[in-house]
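One structure is given below, encoded as structure tokens.
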Amino acid sequence: MFGQIEGQPTLAGSGNTKNKNHFAVYYLFLIVYYDFSIIDDRRQVVKSGQLGVEANMAKSTSTIDFNTRLRRKAQSVNYSLQRILDSRRINSELKEALKYTLGAPGKRVRSVLVLWCCELVGGQVNSNAEVASCAIEMVHTYSLIHDDLPAMDDDDLRRGQPTCHKAFDEATAILTGDALLTLAFEILAEGIDQPVVAVKLINQLAQDAGAAGMIAGQMADLRAEKSVGTKKMLEYIHINKTAKMFRCAAAMGAICGGATQKQFEYLCEYGLHVGLAFQIADDILDETASSEQLGKTAGKDLKAAKCTYPAIVGLEKAREVQEKLTSEAMGMLKPFGQKADTLRQFATALMERTK
Ligand code: GRG
């Protein structure tokens, strides 16, 4: 998990045992120090209600490896989600299910994309981006809960734990999804500091997650089962079901960071491309990885004769398409220069993911 830190040898390459021990102690100190500093920063955020942690983290960005930065950003989203849930009066049974699903170890990649796009165009993450990152995670989590229901994909395992309707019951799972979907729009309406920004964010999320976005993709996906799939159908499903939520994340980050129209358009295209590549990775992993590795049931697409890239074009070609999309996504970052290096690493990480 802790890859090489720039300018420092890794543990494995650090010489004799005595030196290794010194490095081990040093690393331990660094880990403990960083974890405590994050907690301290968060306490300040809770106390003042303002964003501090992202600004503090940004200082050390250049010296920390990508995976650690991704993990830190995801952790900051977790804190924000927890804070939002803790601050609301919600029926205790429903709250338990909300915490169970939202608190489960999701990768938070859409949320982190919001934060990094805001940082890219605005220089730093602001409180609007923090709210937007939580809103998109809520909508994403709702979609997973509903997708796992018996009427849809009928699955038992999600994020390494029993699905919501298995852990609770079907009615609770439907309502938990409904609560997350509505809460997402509530926090945007309530927590964004300028009405015009709030409206833009609400509109973007409604468009990309709604009847002309994720729901359209899900509908087509269900209808495509067991029919003879075509490449056109496949693209329609994947773009709508998955890629538009990544486009949405990039767009929301751009809006929060005050992007110009051109920057907004480049980031939207970047989001669509990495989102499609992410879904192809998902299709490939469904065939090549285990349920333990994925934290969800592997091999389901094949069994359900789903319209996937490996099923339509084969595994090898699927990987080629994925690489092409990732390289096109990188192309969208050219105008941003070196400042977009984190998004370049993000695109590569999504393509190479193993879970
Ligand atoms: C039910 C309205 C409705 C929509 C369902 C998102 C979705 C549409 C279905 C989930 C099943 C699926 C395979 C969707 C494709 C998108 C995808 C790969 C979702 C999983 O996202 P990750 O890997 O999940 O980011 P975590 O758990 O890490 O958040």
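Residues in the structure tokens are numbered from 1 in each chain, the chains being A, B, ... in the order shown, and ligands are numbered from 1 in the order shown.
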Please report as CSV every residue of chain A lying within 9 Å of ligand 1, along with the nearest atom pair and their distance in Å (one decimal), using only C-alpha atoms and all ligand atoms.
residue,atom,partner,partner_atom_place_in_ligand_line,distance
A:Ala104,CA,ligand 1,27 (O),8.0
A:Pro105,CA,ligand 1,27 (O),6.9
A:Gly106,CA,ligand 1,28 (O),3.7
A:Lys107,CA,ligand 1,28 (O),3.8
A:Arg108,CA,ligand 1,29 (O),5.6
A:Val109,CA,ligand 1,25 (O),6.0
A:Arg110,CA,ligand 1,25 (O),7.2
A:Glu137,CA,ligand 1,29 (O),7.7
A:Val139,CA,ligand 1,2 (C),8.9
A:His140,CA,ligand 1,6 (C),6.3
A:Thr141,CA,ligand 1,29 (O),6.7
A:Tyr142,CA,ligand 1,1 (C),7.4
A:Ser143,CA,ligand 1,3 (C),4.2
A:Leu144,CA,ligand 1,10 (C),4.8
A:Ile145,CA,ligand 1,1 (C),7.2
A:His146,CA,ligand 1,1 (C),4.5
A:Asp147,CA,ligand 1,1 (C),4.2
A:Asp148,CA,ligand 1,10 (C),7.4
A:Leu149,CA,ligand 1,1 (C),8.5
A:Met152,CA,ligand 1,1 (C),7.4
A:Asp153,CA,ligand 1,11 (C),7.8
A:Arg158,CA,ligand 1,27 (O),6.8
A:Arg159,CA,ligand 1,27 (O),5.1
A:Gly160,CA,ligand 1,27 (O),8.7
A:Gly177,CA,ligand 1,1 (C),9.0
A:Ala209,CA,ligand 1,2 (C),7.7
A:Gly210,CA,ligand 1,2 (C),7.9
A:Ala211,CA,ligand 1,2 (C),8.9
A:Met214,CA,ligand 1,4 (C),5.8
A:Ile215,CA,ligand 1,2 (C),4.7
A:Ala216,CA,ligand 1,2 (C),8.3
A:Gly217,CA,ligand 1,8 (C),7.1
A:Gln218,CA,ligand 1,8 (C),5.1
A:Met219,CA,ligand 1,4 (C),8.2
A:Asp221,CA,ligand 1,8 (C),8.9
A:His238,CA,ligand 1,15 (C),7.5
A:Asn240,CA,ligand 1,8 (C),8.9
A:Lys241,CA,ligand 1,8 (C),5.4
A:Thr242,CA,ligand 1,16 (C),4.7
A:Ala243,CA,ligand 1,16 (C),8.1
A:Met245,CA,ligand 1,6 (C),8.7
A:Gly275,CA,ligand 1,16 (C),8.8
A:Phe278,CA,ligand 1,18 (C),7.0
A:Gln279,CA,ligand 1,18 (C),5.4
A:Ile280,CA,ligand 1,18 (C),8.6
A:Ala281,CA,ligand 1,18 (C),8.3
A:Asp282,CA,ligand 1,18 (C),5.5
A:Asp283,CA,ligand 1,13 (C),8.0
A:Leu294,CA,ligand 1,23 (O),8.4
A:Gly295,CA,ligand 1,27 (O),8.0
A:Lys296,CA,ligand 1,27 (O),8.5
A:Asp301,CA,ligand 1,13 (C),8.8
A:Lys355,CA,ligand 1,23 (O),7.2
Can you list every residue in range 95-178 of chain A that DSSP puts in strand (DSSP E or B), as a ChimeraX atom specification? /A:157-158,161-162
How about saving the chosen residues, C-alpha atoms kept, as a short mmCIF file (atom, residue, chain, number, x, y, z; two decimals), in the first residue's frame?
data_model
loop_
_atom_site.label_atom_id
_atom_site.label_comp_id
_atom_site.auth_asym_id
_atom_site.auth_seq_id
_atom_site.Cartn_x
_atom_site.Cartn_y
_atom_site.Cartn_z
CA LEU A 157 -22.37 -9.55 -1.91
CA ARG A 158 -21.32 -5.92 -2.28
CA GLN A 161 -20.31 -7.61 2.82
CA PRO A 162 -23.90 -8.89 2.42
#
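Atom to atom, CA of Leu350 in chain A and CA of Thr326 in chain A stand 8.9 Å apart.
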Just asking: which residues within range 91-260 of chain A are alpha helix (DSSP H) according to DSSP, as a PyMOL selection string? chain A and resi 92-102+109-122+127-147+164-167+170-191+195-209+214-224+231-238+244-256
Gln124 in chain A surroundings by only C-alpha atoms, 10 Å radius, close-in-sequence under 2 positions cut, as a ChimeraX atom specification: /A:54-55,58,115-122,126-127,129,257
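Relative to CA of Gly213 in chain A, CA of Met233 in chain A is found at 14.5 Å.
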Would you kindly return, as a PyMOL selection string, each protein, DNA or RNA residue with an atom no farther than 9 Å from any atom of range 81-94 of chain A, considering only C-alpha atoms and excluding same-chain residues fewer than 6 positions away? chain A and resi 46+102-103+131+134-135+137-138+172+175-176+179+187
If you keep N, CA and C atoms, can you produce a file of those selected residues as a PDB file, in the first residue's frame?
ATOM      1  N   VAL A  46     -14.642  19.918  11.684  1.00  0.00           N
ATOM      2  CA  VAL A  46     -15.910  19.724  12.380  1.00  0.00           C
ATOM      3  C   VAL A  46     -16.206  20.932  13.257  1.00  0.00           C
ATOM      4  N   LEU A 102     -23.307   3.119   3.168  1.00  0.00           N
ATOM      5  CA  LEU A 102     -22.417   4.230   2.835  1.00  0.00           C
ATOM      6  C   LEU A 102     -21.050   4.071   3.512  1.00  0.00           C
ATOM      7  N   GLY A 103     -21.054   3.429   4.658  1.00  0.00           N
ATOM      8  CA  GLY A 103     -19.796   3.246   5.394  1.00  0.00           C
ATOM      9  C   GLY A 103     -18.994   2.049   4.906  1.00  0.00           C
ATOM     10  N   VAL A 131     -18.910  18.952  -0.539  1.00  0.00           N
ATOM     11  CA  VAL A 131     -20.341  18.587  -0.531  1.00  0.00           C
ATOM     12  C   VAL A 131     -20.671  17.783  -1.797  1.00  0.00           C
ATOM     13  N   CYS A 134     -19.625  14.203  -1.741  1.00  0.00           N
ATOM     14  CA  CYS A 134     -20.517  13.349  -0.934  1.00  0.00           C
ATOM     15  C   CYS A 134     -21.806  13.058  -1.700  1.00  0.00           C
ATOM     16  N   ALA A 135     -22.312  14.069  -2.402  1.00  0.00           N
ATOM     17  CA  ALA A 135     -23.574  13.889  -3.140  1.00  0.00           C
ATOM     18  C   ALA A 135     -23.417  12.797  -4.195  1.00  0.00           C
ATOM     19  N   GLU A 137     -21.295  10.338  -4.257  1.00  0.00           N
ATOM     20  CA  GLU A 137     -21.110   9.026  -3.620  1.00  0.00           C
ATOM     21  C   GLU A 137     -22.458   8.475  -3.131  1.00  0.00           C
ATOM     22  N   MET A 138     -23.327   9.378  -2.663  1.00  0.00           N
ATOM     23  CA  MET A 138     -24.657   8.937  -2.209  1.00  0.00           C
ATOM     24  C   MET A 138     -25.468   8.376  -3.375  1.00  0.00           C
ATOM     25  N   THR A 172     -36.411  -2.291   3.261  1.00  0.00           N
ATOM     26  CA  THR A 172     -35.418  -1.371   3.840  1.00  0.00           C
ATOM     27  C   THR A 172     -34.386  -0.977   2.777  1.00  0.00           C
ATOM     28  N   LEU A 175     -35.868   1.618   0.469  1.00  0.00           N
ATOM     29  CA  LEU A 175     -35.968   2.917   1.140  1.00  0.00           C
ATOM     30  C   LEU A 175     -34.596   3.538   1.411  1.00  0.00           C
ATOM     31  N   THR A 176     -33.616   2.702   1.689  1.00  0.00           N
ATOM     32  CA  THR A 176     -32.259   3.226   1.924  1.00  0.00           C
ATOM     33  C   THR A 176     -31.744   3.869   0.633  1.00  0.00           C
ATOM     34  N   ALA A 179     -33.555   7.099   0.165  1.00  0.00           N
ATOM     35  CA  ALA A 179     -33.073   8.116   1.112  1.00  0.00           C
ATOM     36  C   ALA A 179     -31.740   8.697   0.635  1.00  0.00           C
ATOM     37  N   ILE A 187     -28.335  17.828   0.252  1.00  0.00           N
ATOM     38  CA  ILE A 187     -27.077  18.456   0.705  1.00  0.00           C
ATOM     39  C   ILE A 187     -26.557  19.463  -0.334  1.00  0.00           C
TER      40      ILE A 187
END
Top pick for closest residue to Leu181 in chain A, considering A:Ile64, A:Ala259, A:Ile136, A:Val274 and counting only C-alpha atoms: A:Ile136
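Distances here use only C-alpha atoms; by that measure, the residue among A:Ser111, A:Asn67, A:Thr230, A:Thr163 closest to Lys306 in chain A is A:Thr230.
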